[in-house]
file target.csv (CSV, C-alpha atoms)
chain,number,residue,atom,x,y,z
A,24,MET,CA,11.0,11.6,-20.5
A,25,SER,CA,10.0,14.4,-18.2
A,26,CYS,CA,9.0,14.0,-14.5
A,27,PHE,CA,5.6,14.9,-13.1
A,28,LEU,CA,5.3,16.6,-9.7
A,29,MET,CA,8.6,15.5,-8.2
A,30,ALA,CA,12.2,14.7,-9.2
A,31,CYS,CA,13.0,11.2,-10.4
A,32,SER,CA,15.5,8.9,-8.8
A,33,PRO,CA,18.1,7.2,-11.1
A,34,LYS,CA,16.1,4.0,-10.9
A,35,VAL,CA,12.6,5.4,-11.5
A,36,THR,CA,11.4,7.1,-14.6
A,37,THR,CA,8.1,8.9,-14.3
A,38,ARG,CA,6.0,10.6,-16.9
A,39,LYS,CA,2.5,11.9,-17.3
A,40,THR,CA,1.4,10.9,-20.7
A,41,PRO,CA,0.1,14.0,-22.6
A,42,GLN,CA,-3.7,13.6,-23.0
A,43,LYS,CA,-3.7,15.2,-26.4
A,44,ASP,CA,-1.8,12.2,-27.8
A,45,ALA,CA,-4.5,9.8,-26.4
A,46,GLY,CA,-5.2,8.4,-29.9
A,47,ALA,CA,-1.6,7.6,-30.7
A,48,GLN,CA,-0.3,4.1,-30.4
A,49,PRO,CA,2.7,3.7,-28.1
A,50,ALA,CA,5.9,2.0,-29.1
A,51,ALA,CA,5.8,-1.7,-28.6
A,52,VAL,CA,7.1,-2.9,-25.2
A,53,VAL,CA,9.5,-5.9,-25.5
A,54,LYS,CA,9.5,-8.2,-22.5
A,55,THR,CA,11.9,-11.0,-21.9
A,56,GLU,CA,11.0,-14.1,-19.8
A,57,LYS,CA,14.7,-14.9,-19.1
A,58,LYS,CA,15.6,-11.7,-17.2
A,59,PHE,CA,13.4,-9.2,-15.6
A,60,THR,CA,15.4,-5.9,-15.5
A,61,ASP,CA,12.7,-3.3,-15.4
A,62,ALA,CA,9.0,-3.0,-14.4
A,63,SER,CA,6.3,-0.8,-15.9
A,64,ILE,CA,3.6,0.5,-13.5
A,65,ALA,CA,0.6,2.5,-14.7
A,66,LEU,CA,-0.9,4.7,-12.0
A,67,LEU,CA,-4.5,5.8,-12.8
A,68,ILE,CA,-5.6,8.6,-10.6
A,69,PRO,CA,-8.1,11.4,-10.8
A,70,PHE,CA,-6.0,14.6,-10.7
A,71,ASN,CA,-8.8,16.4,-12.7
A,72,LEU,CA,-6.1,18.8,-13.9
A,73,ASN,CA,-8.3,19.7,-16.9
A,74,THR,CA,-11.2,21.1,-14.8
A,75,THR,CA,-9.8,22.0,-11.3
A,76,ASN,CA,-9.7,25.7,-10.8
A,77,ILE,CA,-8.2,26.9,-7.5
A,78,GLN,CA,-10.3,30.1,-7.5
A,79,SER,CA,-13.6,28.8,-8.6
A,80,GLY,CA,-13.5,25.1,-7.9
A,81,THR,CA,-15.8,23.7,-5.1
A,82,LYS,CA,-14.3,22.2,-1.9
A,83,ALA,CA,-15.3,18.7,-3.1
A,84,GLU,CA,-13.5,19.2,-6.4
A,85,MET,CA,-10.4,20.5,-4.7
A,86,GLU,CA,-10.3,17.7,-2.2
A,87,LYS,CA,-10.4,15.1,-5.0
A,88,SER,CA,-7.3,16.7,-6.6
A,89,VAL,CA,-5.5,17.0,-3.3
A,90,MET,CA,-6.2,13.4,-2.5
A,91,ALA,CA,-4.8,12.4,-5.9
A,92,ILE,CA,-1.6,14.4,-5.5
A,93,ASP,CA,-1.1,13.2,-1.9
A,94,PHE,CA,-1.5,9.6,-3.0
A,95,TYR,CA,0.8,10.0,-6.0
A,96,GLN,CA,3.6,11.7,-4.0
A,97,GLY,CA,3.5,8.9,-1.4
A,98,PHE,CA,3.3,6.2,-4.1
A,99,LYS,CA,6.3,7.7,-5.9
A,100,MET,CA,8.3,7.8,-2.6
A,101,GLY,CA,7.5,4.1,-2.1
A,102,VAL,CA,8.6,3.1,-5.6
A,103,ASP,CA,11.7,5.2,-5.2
A,104,SER,CA,12.6,3.2,-2.0
A,105,ALA,CA,11.9,-0.1,-3.8
A,106,ALA,CA,14.2,0.9,-6.6
A,107,ALA,CA,17.1,0.8,-4.2
A,108,SER,CA,17.0,-3.0,-4.6
A,109,GLY,CA,18.3,-2.7,-8.1
A,110,LEU,CA,15.2,-2.9,-10.4
A,111,ASN,CA,14.5,-0.1,-12.8
A,112,PHE,CA,10.9,1.2,-12.8
A,113,ARG,CA,9.0,3.0,-15.5
A,114,LEU,CA,6.1,4.8,-13.7
A,115,LYS,CA,3.4,6.1,-16.1
A,116,VAL,CA,1.1,8.5,-14.4
A,117,LEU,CA,-2.3,9.0,-16.1
A,118,ASP,CA,-5.1,11.4,-15.1
A,119,THR,CA,-8.4,9.5,-15.2
A,120,ARG,CA,-10.3,12.7,-14.5
A,121,ASP,CA,-12.9,10.5,-12.6
A,122,ASN,CA,-14.5,10.2,-16.0
A,123,THR,CA,-15.6,7.0,-17.9
A,124,GLU,CA,-14.9,8.4,-21.3
A,125,GLN,CA,-11.4,9.4,-20.3
A,126,LEU,CA,-10.7,5.9,-18.9
A,127,ASN,CA,-12.0,4.3,-22.1
A,128,SER,CA,-9.7,6.6,-24.1
A,129,LEU,CA,-6.7,5.5,-22.0
A,130,MET,CA,-7.5,1.8,-22.6
A,131,LYS,CA,-8.3,2.1,-26.3
A,132,SER,CA,-5.3,4.2,-27.1
A,133,GLY,CA,-2.9,1.6,-25.8
A,134,GLN,CA,-1.4,3.7,-23.1
A,135,LEU,CA,-1.8,0.9,-20.6
A,136,SER,CA,-0.3,-1.8,-22.8
A,137,GLY,CA,2.9,-3.3,-21.7
A,138,SER,CA,2.2,-2.5,-18.0
A,139,ASP,CA,3.3,-5.1,-15.5
A,140,LEU,CA,0.9,-3.6,-13.0
A,141,ILE,CA,-1.9,-1.1,-13.0
A,142,VAL,CA,-2.6,0.8,-9.8
A,143,GLY,CA,-6.1,2.4,-9.8
A,144,PRO,CA,-8.6,3.6,-10.7
A,145,VAL,CA,-9.3,4.6,-7.1
A,146,PHE,CA,-13.2,4.7,-7.3
A,147,PRO,CA,-15.4,1.6,-7.6
A,148,ASP,CA,-17.0,2.6,-11.0
A,149,GLY,CA,-13.5,2.9,-12.5
A,150,VAL,CA,-12.4,-0.4,-11.0
A,151,LYS,CA,-15.5,-2.0,-12.6
A,152,GLN,CA,-14.9,-0.3,-15.9
A,153,ILE,CA,-11.3,-1.6,-16.3
A,154,THR,CA,-12.2,-5.2,-15.4
A,155,ASN,CA,-12.6,-6.5,-19.0
A,156,TYR,CA,-9.3,-4.8,-20.0
A,157,SER,CA,-7.5,-6.4,-17.1
A,158,VAL,CA,-8.9,-9.9,-17.8
A,159,SER,CA,-8.4,-9.9,-21.6
A,160,ASN,CA,-4.8,-8.5,-21.3
A,161,GLY,CA,-3.8,-10.5,-18.2
A,162,ILE,CA,-2.7,-7.3,-16.3
A,163,PRO,CA,-3.2,-7.3,-12.6
A,164,VAL,CA,-5.1,-4.2,-11.2
A,165,VAL,CA,-4.6,-2.8,-7.7
A,166,SER,CA,-7.7,-1.2,-6.2
A,167,PRO,CA,-5.9,1.0,-3.7
A,168,LEU,CA,-8.7,2.9,-2.0
A,169,ALA,CA,-12.1,1.4,-2.7
A,170,ALA,CA,-13.6,-0.7,0.1
A,171,THR,CA,-16.2,-2.2,-2.3
A,172,HIS,CA,-16.6,-6.0,-2.0
A,173,PRO,CA,-14.7,-7.7,-4.9
A,174,ASP,CA,-17.7,-9.8,-5.8
A,175,GLU,CA,-19.0,-6.6,-7.6
A,176,PHE,CA,-16.1,-6.8,-10.0
A,177,LEU,CA,-15.5,-10.5,-10.6
A,178,ASN,CA,-11.9,-9.9,-11.8
A,179,PRO,CA,-9.4,-12.8,-11.0
A,180,ASN,CA,-6.6,-10.2,-11.6
A,181,LEU,CA,-7.9,-7.7,-9.1
A,182,ILE,CA,-5.8,-6.9,-6.0
A,183,SER,CA,-8.1,-5.4,-3.3
A,184,VAL,CA,-6.0,-3.5,-0.7
A,185,VAL,CA,-8.8,-2.0,1.4
A,186,ASN,CA,-10.8,-4.5,3.5
A,187,ASN,CA,-14.4,-5.1,2.6
A,188,ILE,CA,-17.1,-4.9,5.2
A,189,ASP,CA,-17.4,-8.7,5.6
A,190,LEU,CA,-13.8,-8.8,6.8
A,191,HIS,CA,-14.5,-6.1,9.4
A,192,ALA,CA,-17.5,-8.2,10.7
A,193,GLU,CA,-15.3,-11.3,10.8
A,194,LYS,CA,-12.6,-9.5,12.7
A,195,MET,CA,-15.0,-8.2,15.4
A,196,SER,CA,-16.9,-11.5,15.6
A,197,GLY,CA,-13.7,-13.6,15.9
A,198,PHE,CA,-12.3,-11.4,18.6
A,199,ILE,CA,-15.5,-11.7,20.6
A,200,ALA,CA,-15.5,-15.5,20.2
A,201,LYS,CA,-12.0,-15.9,21.6
A,202,THR,CA,-12.2,-13.2,24.3
A,203,PHE,CA,-15.5,-13.6,26.0
A,204,ASP,CA,-17.0,-16.6,27.9
A,205,PRO,CA,-20.2,-17.8,26.1
A,206,ALA,CA,-21.7,-19.0,29.4
A,207,LYS,CA,-21.5,-15.5,30.9
A,208,THR,CA,-22.0,-13.3,27.8
A,209,VAL,CA,-24.9,-12.1,25.7
A,210,VAL,CA,-24.0,-10.8,22.2
A,211,VAL,CA,-26.4,-8.1,21.1
A,212,LEU,CA,-26.6,-6.7,17.5
A,213,ILE,CA,-28.2,-3.3,17.1
A,214,SER,CA,-29.4,-2.8,13.5
A,215,THR,CA,-32.1,-0.6,12.1
A,216,ARG,CA,-32.3,-3.0,9.2
A,217,LYS,CA,-31.6,-0.1,6.8
A,218,SER,CA,-29.4,-1.2,3.9
A,219,ALA,CA,-26.4,0.8,5.2
A,220,ASP,CA,-26.7,-1.1,8.5
A,221,GLU,CA,-27.3,-4.4,7.0
A,222,ALA,CA,-24.0,-4.5,5.1
A,223,LEU,CA,-22.3,-5.0,8.5
A,224,ALA,CA,-25.2,-6.7,10.3
A,225,ILE,CA,-25.7,-9.6,7.8
A,226,PRO,CA,-22.3,-11.2,8.3
A,227,ILE,CA,-22.4,-10.6,12.1
A,228,ARG,CA,-25.8,-12.1,12.3
A,229,ALA,CA,-24.7,-15.2,10.4
A,230,TYR,CA,-21.6,-15.6,12.6
A,231,PHE,CA,-23.5,-15.7,15.8
A,232,THR,CA,-26.5,-17.7,14.6
A,233,LYS,CA,-25.0,-20.2,12.1
A,234,ASP,CA,-21.2,-20.2,12.4
A,235,LYS,CA,-18.6,-20.3,15.2
A,236,GLY,CA,-20.4,-17.8,17.4
A,237,ALA,CA,-23.6,-19.9,17.7
A,238,LYS,CA,-22.5,-21.0,21.2
A,239,PHE,CA,-23.3,-17.5,22.4
A,240,THR,CA,-26.7,-16.2,23.5
A,241,PHE,CA,-27.5,-13.9,20.6
A,242,GLN,CA,-30.1,-11.1,20.6
A,243,GLU,CA,-30.9,-8.5,18.0
A,244,TYR,CA,-32.8,-5.2,18.4
A,245,SER,CA,-33.6,-2.2,16.3
A,246,SER,CA,-32.4,0.2,19.1
A,247,VAL,CA,-30.6,0.0,22.4
A,248,TYR,CA,-33.8,1.1,24.2
A,249,ALA,CA,-35.5,-2.2,23.3
A,250,MET,CA,-32.5,-4.1,24.5
A,251,GLU,CA,-32.8,-2.5,28.0
A,252,THR,CA,-36.2,-4.0,28.6
A,253,ALA,CA,-34.9,-7.6,27.9
A,254,ARG,CA,-31.9,-7.3,30.2
A,255,VAL,CA,-30.8,-10.5,32.1
A,256,PRO,CA,-29.1,-9.7,35.4
A,257,GLY,CA,-25.6,-11.0,36.0
A,258,LYS,CA,-24.8,-11.3,32.3
A,259,ARG,CA,-22.0,-9.4,30.4
A,260,TYR,CA,-23.4,-7.7,27.3
A,261,VAL,CA,-21.3,-7.3,24.2
A,262,VAL,CA,-23.1,-4.8,21.9
A,263,LEU,CA,-22.3,-4.5,18.2
A,264,VAL,CA,-23.8,-1.3,16.6
A,265,ALA,CA,-24.1,-1.7,12.8
A,266,SER,CA,-24.9,2.0,12.2
A,267,SER,CA,-22.7,5.0,11.4
A,268,GLU,CA,-25.6,7.4,11.2
A,269,ARG,CA,-24.4,10.1,13.6
A,270,GLN,CA,-27.7,11.0,15.3
A,271,PHE,CA,-28.6,7.4,15.9
A,272,VAL,CA,-25.1,6.6,17.2
A,273,VAL,CA,-24.9,9.5,19.6
A,274,ALA,CA,-28.2,8.5,21.2
A,275,THR,CA,-27.1,4.9,21.4
A,276,ILE,CA,-23.8,5.7,23.1
A,277,ASP,CA,-25.5,8.0,25.5
A,278,LYS,CA,-28.0,5.4,26.5
A,279,LEU,CA,-25.4,2.6,26.8
A,280,SER,CA,-23.3,4.9,29.0
A,281,LYS,CA,-26.3,5.4,31.4
A,282,MET,CA,-26.9,1.7,31.5
A,283,ARG,CA,-23.2,1.1,32.2
A,284,ASN,CA,-23.2,3.7,35.0
A,285,ALA,CA,-26.2,1.9,36.5
A,286,GLY,CA,-24.2,-1.3,36.9
A,287,MET,CA,-24.7,-3.2,33.6
A,288,GLN,CA,-21.5,-4.8,32.2
A,289,ILE,CA,-21.2,-3.6,28.6
A,290,ASP,CA,-18.5,-3.8,25.9
A,291,LEU,CA,-19.2,-1.9,22.8
A,292,PHE,CA,-18.1,-2.6,19.2
A,293,GLY,CA,-18.8,0.1,16.6
A,294,HIS,CA,-19.0,0.5,12.9
A,295,PRO,CA,-15.6,1.0,11.1
A,296,ASN,CA,-16.7,4.5,10.0
A,297,TRP,CA,-16.6,5.6,13.6
A,298,SER,CA,-12.9,6.2,13.3
A,299,LYS,CA,-13.6,9.1,11.0
A,300,GLN,CA,-16.4,10.5,13.2
A,301,ASN,CA,-16.3,12.4,16.4
A,302,TYR,CA,-18.1,11.0,19.5
A,303,ASN,CA,-17.8,11.6,23.2
A,304,THR,CA,-14.4,10.0,24.2
A,305,ASP,CA,-15.3,9.6,27.9
A,306,LYS,CA,-18.3,7.6,27.0
A,307,LEU,CA,-16.5,5.5,24.4
A,308,GLN,CA,-13.8,4.7,27.0
A,309,LEU,CA,-16.4,3.9,29.7
A,310,LEU,CA,-17.9,1.3,27.3
A,311,SER,CA,-14.4,-0.2,26.4
A,312,THR,CA,-15.4,0.6,22.8
A,313,ARG,CA,-13.5,-1.2,20.0
A,314,ILE,CA,-13.7,-0.6,16.2
A,315,THR,CA,-12.0,-2.2,13.2
A,316,THR,CA,-10.1,-0.2,10.6
A,317,SER,CA,-8.0,-0.9,7.5
A,318,TYR,CA,-5.3,1.6,8.6
A,319,TRP,CA,-3.6,3.0,11.6
A,320,VAL,CA,-0.4,5.1,12.0
A,321,ASP,CA,1.9,4.8,15.0
A,322,TYR,CA,3.4,8.3,15.2
A,323,LYS,CA,5.9,7.1,17.8
A,324,SER,CA,7.4,4.7,15.2
A,325,HIS,CA,10.9,5.6,13.9
A,326,ALA,CA,9.9,4.6,10.3
A,327,VAL,CA,6.8,6.8,10.4
A,328,ASN,CA,8.8,9.8,11.7
A,329,SER,CA,11.4,9.3,9.0
A,330,PHE,CA,8.7,9.3,6.3
A,331,VAL,CA,7.1,12.4,7.7
A,332,LYS,CA,10.4,14.3,7.8
A,333,LYS,CA,11.3,13.2,4.2
A,334,TYR,CA,7.8,14.2,3.0
A,335,ARG,CA,8.1,17.6,4.6
A,336,SER,CA,11.5,18.1,3.1
A,337,LEU,CA,10.3,17.3,-0.4
A,338,TYR,CA,6.9,19.0,-0.4
A,339,HIS,CA,7.0,21.5,2.5
A,340,PHE,CA,3.7,20.0,3.7
A,341,GLU,CA,2.4,17.4,6.1
A,342,PRO,CA,1.7,14.0,4.7
A,343,GLY,CA,-2.0,13.2,4.8
A,344,GLU,CA,-3.9,9.9,5.0
A,345,TYR,CA,-3.5,9.2,1.3
A,346,ALA,CA,0.3,9.9,1.3
A,347,PHE,CA,0.7,7.1,3.7
A,348,LYS,CA,-1.6,4.8,1.7
A,349,GLY,CA,0.4,5.7,-1.5
A,350,PHE,CA,3.7,5.0,0.1
A,351,ASP,CA,2.7,1.6,1.5
A,352,SER,CA,1.3,0.6,-1.9
A,353,GLY,CA,4.3,1.8,-3.8
A,354,LEU,CA,6.8,0.2,-1.5
A,355,TYR,CA,5.1,-3.1,-1.2
A,356,PHE,CA,4.4,-3.7,-4.9
A,357,GLY,CA,7.7,-2.2,-6.0
A,358,LYS,CA,9.6,-4.6,-3.7
A,359,LEU,CA,7.4,-7.5,-4.8
A,360,LEU,CA,8.3,-6.8,-8.5
A,361,ALA,CA,12.0,-6.4,-7.6
A,362,ALA,CA,12.1,-9.6,-5.6
A,363,ARG,CA,9.9,-11.9,-7.7
A,364,GLY,CA,10.1,-10.5,-11.2
A,365,ALA,CA,7.5,-11.1,-14.0
A,366,ASN,CA,5.8,-13.9,-12.1
A,367,TYR,CA,5.3,-11.7,-9.0
A,368,LEU,CA,1.5,-12.4,-8.8
A,369,GLN,CA,1.8,-16.0,-7.7
A,370,TYR,CA,3.9,-14.9,-4.7
A,371,LEU,CA,1.3,-12.3,-3.5
A,372,PRO,CA,-0.3,-14.7,-0.9
A,373,VAL,CA,3.0,-15.4,0.8
A,374,GLU,CA,4.5,-11.9,0.8
A,375,LYS,CA,3.2,-10.3,3.9
A,376,TYR,CA,3.8,-6.6,4.7
A,377,LYS,CA,3.6,-4.4,7.8
A,378,GLY,CA,3.7,-0.8,6.6
A,379,LEU,CA,3.5,2.7,7.9
A,380,GLN,CA,-0.3,2.7,7.8
A,381,ASN,CA,-1.5,-0.5,6.3
A,382,SER,CA,-0.7,-4.2,6.6
A,383,TYR,CA,-1.1,-6.7,3.8
A,384,VAL,CA,-1.9,-10.4,4.0
A,385,PHE,CA,-3.5,-11.4,0.8
A,386,LYS,CA,-5.6,-14.5,0.1
A,387,LYS,CA,-6.4,-15.7,-3.4
A,388,ASP,CA,-9.9,-16.3,-4.7
A,389,GLU,CA,-10.1,-17.8,-8.1
A,390,GLN,CA,-13.0,-15.5,-9.1
A,391,LEU,CA,-12.5,-12.4,-7.0
A,392,GLY,CA,-8.7,-12.1,-7.2
A,393,TYR,CA,-6.4,-11.2,-4.3
A,394,ILE,CA,-8.0,-9.9,-1.1
A,395,ASN,CA,-6.2,-8.2,1.7
A,396,THR,CA,-7.4,-9.8,5.0
A,397,SER,CA,-5.2,-7.9,7.4
A,398,LEU,CA,-6.9,-5.1,9.5
A,399,PHE,CA,-6.7,-3.6,12.9
A,400,LEU,CA,-8.9,-3.8,16.0
A,401,LEU,CA,-8.6,-0.5,17.9
A,402,GLU,CA,-9.8,0.4,21.4
A,403,TYR,CA,-10.5,3.8,22.9
A,404,LYS,CA,-8.1,4.1,25.8
A,405,ASN,CA,-6.2,6.9,27.4
A,406,TYR,CA,-8.0,9.3,25.1
A,407,ALA,CA,-6.6,7.7,22.0
A,408,LEU,CA,-7.3,4.8,19.6
A,409,ASN,CA,-4.8,2.1,20.3
A,410,PRO,CA,-4.5,-1.4,18.6
A,411,VAL,CA,-5.8,-4.4,20.5
A,412,GLU,CA,-4.6,-6.7,17.7

call {"tool": "encode", "arguments": {"input": "target.csv", "output": "structure tokens"}}
result
Amino acid sequence: MSCFLMACSPKVTTRKTPQKDAGAQPAAVVKTEKKFTDASIALLIPFNLNTTNIQSGTKAEMEKSVMAIDFYQGFKMGVDSAAASGLNFRLKVLDTRDNTEQLNSLMKSGQLSGSDLIVGPVFPDGVKQITNYSVSNGIPVVSPLAATHPDEFLNPNLISVVNNIDLHAEKMSGFIAKTFDPAKTVVVLISTRKSADEALAIPIRAYFTKDKGAKFTFQEYSSVYAMETARVPGKRYVVLVASSERQFVVATIDKLSKMRNAGMQIDLFGHPNWSKQNYNTDKLQLLSTRITTSYWVDYKSHAVNSFVKKYRSLYHFEPGEYAFKGFDSGLYFGKLLAARGANYLQYLPVEKYKGLQNSYVFKKDEQLGYINTSLFLLEYKNYALNPVE
């Protein structure tokens, strides 16, 4: 079999299945329950090689292909590292083209049969589309990039790597509950009540009105301007902003900074999407701003620097966000298969992982599958985002 995009290690065989043979039935895969000597992983990713044109393609089209290649290269490096433990891997790389018909063709043609693990599709529609196949064939599916809540898929074999918004709300709320004094603190939720805001606002609201945070004085406003008029002197205000709409956030941060400079004690908690947006760092630091995120890279780490150097050596390019994501996924699941064999899934909740960019602590839900509950809380300090916990 031929390799795709990079050289194979002795322990890893990689191939991209030719799409023109999509209708052909593959040879039967014989498994043995007594001894697990090799693992078959199917990687479903939207390379879009059939349509991407470097000269005429749009930026969005090109970025999708770059993301796919970056993730694949990192994933392959992770599986290569896991292969050092002695298990042989057969990595089948399939281009989903981000297309429902193409994904249906891959499932119907039998190209996924015999897989011990399917990684991808990377977008929510594809994850939803593969659910019935995963359930009926008993093959676990890793959703490596989608932050969609698993209750939209209802697949007990689904492994959700990226934290859903409820977990972000729980992380922020739990930190507030254990860090601040309820007798001296007012918790304020700023939500416009738009659907995008409410995804984060609903679980926060529930936590501070019905759950563990009910001991705090809780207030909610549609804007920070309304909050200012109800200020109680001598109280510390912990403000959670549920929006990531840039114009609204800029105005909110600006007003809170003025209130802070006027003597009001304020701690700000922002939407997870703020980590990908650009706001005034001085104001964020003034407000001791904290945000949650599913990933964070410590570029001072020896392991990170080693990965970057190896990636540069192999591809003559800098590893991006998706290369790190791919490496962590490939290494974790590769090591899990090598250590636990065919019954690896039952060990998922006890096999924790701290990677280059992501950490994994999975909990099992009988209907929703395996959900990664580990995420970071970062604070703007010294002109950088640094982990608080």

call {"tool": "closest_residue", "arguments": {"input": "target.csv", "among": "A:Ala107, A:Ile199, A:Val184, A:Val320", "to": "Phe347 (chain A)", "atoms": "only C-alpha atoms"}}
result
A:Val320

call {"tool": "residues_around", "arguments": {"input": "target.csv", "residues": "Pro256 (chain A)", "least_positions_apart": "6", "cutoff": "10 Å", "atoms": "all atoms listed in the file", "output": "list in words"}}
result
Gly286, Met287 and Gln288 of chain A

call {"tool": "closest_residue", "arguments": {"input": "target.csv", "among": "A:Leu181, A:Leu114, A:Val264, A:Ile276", "to": "Leu371 (chain A)", "atoms": "all atoms listed in the file"}}
result
A:Leu181

call {"tool": "closest_residue", "arguments": {"input": "target.csv", "among": "A:Lys258, A:Lys387, A:Lys333, A:Lys404", "to": "Phe350 (chain A)", "atoms": "only C-alpha atoms"}}
result
A:Lys333

call {"tool": "atom_distance", "arguments": {"input": "target.csv", "atom1": "CA of Leu368 (chain A)", "atom2": "CA of Gly353 (chain A)"}}
result
15.3 Å

call {"tool": "atom_distance", "arguments": {"input": "target.csv", "atom1": "CA of Asn395 (chain A)", "atom2": "CA of Leu223 (chain A)"}}
result
17.8 Å

call {"tool": "residues_around", "arguments": {"input": "target.csv", "residues": "Tyr403 (chain A)", "least_positions_apart": "2", "cutoff": "12 Å", "atoms": "only C-alpha atoms", "output": "number ranges by chain"}}
result
A: 290-293, 297-298, 302-315, 400-401, 405-411

call {"tool": "atom_distance", "arguments": {"input": "target.csv", "atom1": "CA of Phe239 (chain A)", "atom2": "CA of His191 (chain A)"}}
result
19.4 Å

call {"tool": "closest_residue", "arguments": {"input": "target.csv", "among": "A:Lys207, A:Lys151, A:Arg113, A:Arg269", "to": "Asn127 (chain A)", "atoms": "all atoms listed in the file"}}
result
A:Lys151

call {"tool": "residues_around", "arguments": {"input": "target.csv", "residues": "Asn155 (chain A)", "least_positions_apart": "5", "cutoff": "10 Å", "atoms": "all atoms listed in the file", "output": "number ranges by chain"}}
result
A: 160-161, 176-178

call {"tool": "closest_residue", "arguments": {"input": "target.csv", "among": "A:Ala249, A:Thr215, A:Ala170, A:Leu279", "to": "Asn296 (chain A)", "atoms": "only C-alpha atoms"}}
result
A:Ala170

call {"tool": "residues_around", "arguments": {"input": "target.csv", "residues": "region 372-382 of chain A", "least_positions_apart": "2", "cutoff": "8 Å", "atoms": "only C-alpha atoms", "output": "mmCIF file with C-alpha atoms, in the coordinates of the input"}}
result
data_model
loop_
_atom_site.group_PDB
_atom_site.id
_atom_site.type_symbol
_atom_site.label_atom_id
_atom_site.label_comp_id
_atom_site.auth_asym_id
_atom_site.auth_seq_id
_atom_site.Cartn_x
_atom_site.Cartn_y
_atom_site.Cartn_z
ATOM 1 C CA SER A 317 -8.000 -0.900 7.500
ATOM 2 C CA TYR A 318 -5.300 1.600 8.600
ATOM 3 C CA TRP A 319 -3.600 3.000 11.600
ATOM 4 C CA VAL A 320 -0.400 5.100 12.000
ATOM 5 C CA ASP A 321 1.900 4.800 15.000
ATOM 6 C CA ALA A 326 9.900 4.600 10.300
ATOM 7 C CA VAL A 327 6.800 6.800 10.400
ATOM 8 C CA PHE A 347 0.700 7.100 3.700
ATOM 9 C CA LYS A 348 -1.600 4.800 1.700
ATOM 10 C CA ASP A 351 2.700 1.600 1.500
ATOM 11 C CA TYR A 355 5.100 -3.100 -1.200
ATOM 12 C CA LEU A 359 7.400 -7.500 -4.800
ATOM 13 C CA GLN A 369 1.800 -16.000 -7.700
ATOM 14 C CA TYR A 370 3.900 -14.900 -4.700
ATOM 15 C CA VAL A 384 -1.900 -10.400 4.000
ATOM 16 C CA PHE A 385 -3.500 -11.400 0.800
ATOM 17 C CA LYS A 386 -5.600 -14.500 0.100
ATOM 18 C CA LYS A 387 -6.400 -15.700 -3.400
ATOM 19 C CA TYR A 393 -6.400 -11.200 -4.300
ATOM 20 C CA SER A 397 -5.200 -7.900 7.400
ATOM 21 C CA LEU A 398 -6.900 -5.100 9.500
#

call {"tool": "closest_atom_pairs", "arguments": {"input": "target.csv", "of": "region 322-368 of chain A", "to": "region 59-73 of chain A", "cutoff": "10 Å", "atoms": "only C-alpha atoms", "output": "Markdown table"}}
result
| residue | atom | partner | partner_atom | distance |
| --- | --- | --- | --- | --- |
| A:Gly353 | CA | A:Ile64 | CA | 9.8 |
| A:Phe356 | CA | A:Ile64 | CA | 9.6 |
| A:Gly357 | CA | A:Ala62 | CA | 8.5 |
| A:Leu360 | CA | A:Ala62 | CA | 7.1 |
| A:Ala361 | CA | A:Ala62 | CA | 8.2 |
| A:Arg363 | CA | A:Phe59 | CA | 9.1 |
| A:Gly364 | CA | A:Phe59 | CA | 5.7 |
| A:Ala365 | CA | A:Phe59 | CA | 6.4 |
| A:Asn366 | CA | A:Phe59 | CA | 9.6 |
